[in-house]
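Participant: Could you have a look at this structure, given as structure tokens, before my questions?
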Amino acid sequence: MYSEPGIGTTFRVYLPLTSTAAGNAVSPPVSSTPPPRGDGSTVLVVEDEAALARVVTRILTNAGYHVLTAADATEALGLYEQHGCDALLTDVIMPGISGRRLADLLHERQPDLPVLYMSGYSNGLLGTTHILDEDIAFLEKPFTAADLLHKLATTCEKSPSHIRL
């Protein structure tokens with residue numbers, strides 16, 4: 001869902017594409033690799049959609065992370081100043097300060113902070129628009145709990161500080 005006051009609201013529903021009849025449905029393969037678990041490291045989650053923020057917080061908490069949740073970049077900066085964090089998981093497009101600008105501000109304070117961006121609007125965000133560089137860590141919405149945990153672990157492994165999440 002994306003909404004702008006005075007403009008309107010867009011809902012996107014994603015359904016899996018299938019070539020088999022409903023009665024012949026095949027279960028998707030289950031990954032043999034269990035999702036990585038956190039070790040109590042602090043992840044600052046910045047998401048302006050409250051329902052998604054709650055789901056992401058639950059996934060990360062259940063996986064062993066300590067989670068700080070903010071609805072926008074201004075709140076996130078305040079939480080960072082009070083508590084710090086080991087990684088940032090942020091929406092890209094938010095009211096006010098964008099996720100990209102938030103990451104830039106936090107990198108001024110903590111240059112090796114791992115950042116994982118997430119968005120439902122991947123078309124146009126990467127590369128040519130320069131909203132995000134092509135080599136950033138990016139997770140497209142909607143995503144599964146396993147996708148989130150694997151991508152967060154991979155992002156942190158690539159960080160110069162290589163924190164153990």
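Residue numbering restarts at 1 for every chain of the structure tokens, chains are lettered A, B, ... in their displayed order, and ligands are numbered from 1 as they appear.
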Which polymer residues have any atom within 9 Å of an atom of Leu44 (chain A), counting only C-alpha atoms, with same-chain residues fewer than 3 positions away left out, as a VMD selection string?
Facilitator: chain A and resid 66 to 70 76 79 to 80 84 to 90
Participant: Give me a file of those residues, with C-alpha atoms, as a short mmCIF file (atom, residue, chain, number, x, y, z; two decimals), in the first residue's frame.
Facilitator:
data_model
loop_
_atom_site.label_atom_id
_atom_site.label_comp_id
_atom_site.auth_asym_id
_atom_site.auth_seq_id
_atom_site.Cartn_x
_atom_site.Cartn_y
_atom_site.Cartn_z
CA HIS A 66 16.99 -6.48 19.73
CA VAL A 67 14.80 -4.17 17.62
CA LEU A 68 14.26 -0.43 17.76
CA THR A 69 11.34 0.68 15.58
CA ALA A 70 10.71 4.13 14.12
CA ALA A 76 14.97 6.99 13.93
CA LEU A 79 16.43 6.45 18.75
CA TYR A 80 19.92 6.19 17.30
CA GLY A 84 22.80 3.36 18.90
CA CYS A 85 22.40 0.32 16.65
CA ASP A 86 24.37 -2.43 14.94
CA ALA A 87 22.43 -2.35 11.65
CA LEU A 88 19.81 -0.22 9.88
CA LEU A 89 16.81 -1.68 8.03
CA THR A 90 14.95 1.17 6.36
#
Participant: Nearest residue to Ala51 (chain A) out of A:Ala63, A:Ala71, A:Leu152, A:Leu106, using only C-alpha atoms?
Facilitator: A:Ala71
Participant: Do a neighbour search on Gly38 (chain A) at 10 Å with only C-alpha atoms, toss out local chain neighbours closer than 5 positions, and write the hits as a list in words.
Facilitator: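 With the cut-off at 10 Å, the set is Val43, Leu60, Thr61, Asn62, Ala63, Gly64, Tyr65, His66, Leu149, Leu152, Ala153, Arg164 and Leu165 of chain A.
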Participant: Once you have the residues from the selection above, write them out as a tab-separated table (two decimals), in the first residue's frame, restricted to C-alpha atoms.
Facilitator:
chain	number	residue	atom	x	y	z
A	43	VAL	CA	18.62	-3.45	14.45
A	60	LEU	CA	13.63	-10.04	13.97
A	61	THR	CA	12.78	-10.35	17.66
A	62	ASN	CA	11.85	-14.02	17.25
A	63	ALA	CA	15.20	-14.54	15.50
A	64	GLY	CA	17.13	-13.16	18.47
A	65	TYR	CA	17.66	-9.51	17.55
A	66	HIS	CA	16.99	-6.48	19.73
A	149	LEU	CA	16.86	-12.83	7.82
A	152	LEU	CA	20.18	-8.95	6.78
A	153	ALA	CA	22.88	-11.50	7.65
A	164	ARG	CA	28.19	-10.89	13.92
A	165	LEU	CA	24.39	-10.82	13.66
Participant: Find, counting only C-alpha atoms, the residue in A:Asp147, A:Glu49, A:Glu157, A:Glu140 that gets nearest to Met94 (chain A).
Facilitator: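 The answer is A:Glu49, which sits nearest to Met94 (chain A).
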Participant: Mind checking which residues fall within 8 Å of Pro35 (chain A), counting only C-alpha atoms, ignoring those fewer than 2 positions away in the same chain, and posting them as a list of chain:residue names?
Facilitator: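 So, after excluding close chain neighbours, the residues are A:Thr33, A:Arg37, A:Ala146, A:Leu149, A:His150.
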Participant: Include N, CA and C atoms and write out the residues we just selected as a short mmCIF file (atom, residue, chain, number, x, y, z; two decimals), in the first residue's frame.
Facilitator:
data_model
loop_
_atom_site.label_atom_id
_atom_site.label_comp_id
_atom_site.auth_asym_id
_atom_site.auth_seq_id
_atom_site.Cartn_x
_atom_site.Cartn_y
_atom_site.Cartn_z
N THR A 33 18.61 -24.52 4.16
CA THR A 33 19.40 -23.67 5.04
C THR A 33 18.46 -22.91 5.97
N ARG A 37 20.19 -16.61 12.76
CA ARG A 37 19.64 -16.09 14.00
C ARG A 37 20.53 -14.95 14.50
N ALA A 146 12.26 -15.59 5.96
CA ALA A 146 13.57 -16.16 5.61
C ALA A 146 14.36 -15.21 4.72
N LEU A 149 15.77 -12.40 6.94
CA LEU A 149 16.86 -12.83 7.82
C LEU A 149 18.13 -13.14 7.05
N HIS A 150 17.99 -13.79 5.89
CA HIS A 150 19.17 -14.10 5.07
C HIS A 150 19.81 -12.81 4.54
#
Participant: Nearest to Leu105 (chain A): which of A:Met118, A:Ala73, A:Ile136, A:Pro34 is it, counting only C-alpha atoms?
Facilitator: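 Of A:Met118, A:Ala73, A:Ile136, A:Pro34, the one nearest Leu105 (chain A) is A:Ala73, counting only C-alpha atoms.
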Participant: Using only C-alpha atoms for the distances, tell me which of A:Lys141, A:Lys158, A:His83, A:Arg101 is nearest to Leu113 (chain A).
Facilitator: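 With only C-alpha atoms as the atom set, the closest residue is A:Lys158.
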Participant: Taking only C-alpha atoms into account, which of A:Asp91, A:Asp39, A:Leu77, A:Cys156 comes nearest Glu108 (chain A)?
Facilitator: A:Leu77
Participant: For Val55 (chain A), which residue among A:Leu139, A:Ala145, A:Thr154, A:Ser159 is the nearest when counting only C-alpha atoms?
Facilitator: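 Closest to Val55 (chain A) of all the choices is A:Ala145.
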Participant: List every residue of region 50-103 of chain A that DSSP, applied to the backbone, labels as alpha helix (DSSP H), and write the result as a list of chain:residue names.
Facilitator: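 DSSP-assigned alpha helix (DSSP H) residues in region 50-103 of chain A: A:Ala50, A:Ala51, A:Leu52, A:Ala53, A:Arg54, A:Val55, A:Val56, A:Thr57, A:Arg58, A:Ile59, A:Leu60, A:Thr61, A:Asn62, A:Ala73, A:Thr74, A:Glu75, A:Ala76, A:Leu77, A:Gly78, A:Leu79, A:Tyr80, A:Glu81, A:Gln82, A:His83, A:Gly99, A:Arg100, A:Arg101, A:Leu102, A:Ala103.
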Participant: Which value, in Å to one decimal, gives the distance between CA of Pro142 (chain A) and CA of Gly99 (chain A)?
Facilitator: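 A separation of 17.4 Å between them.
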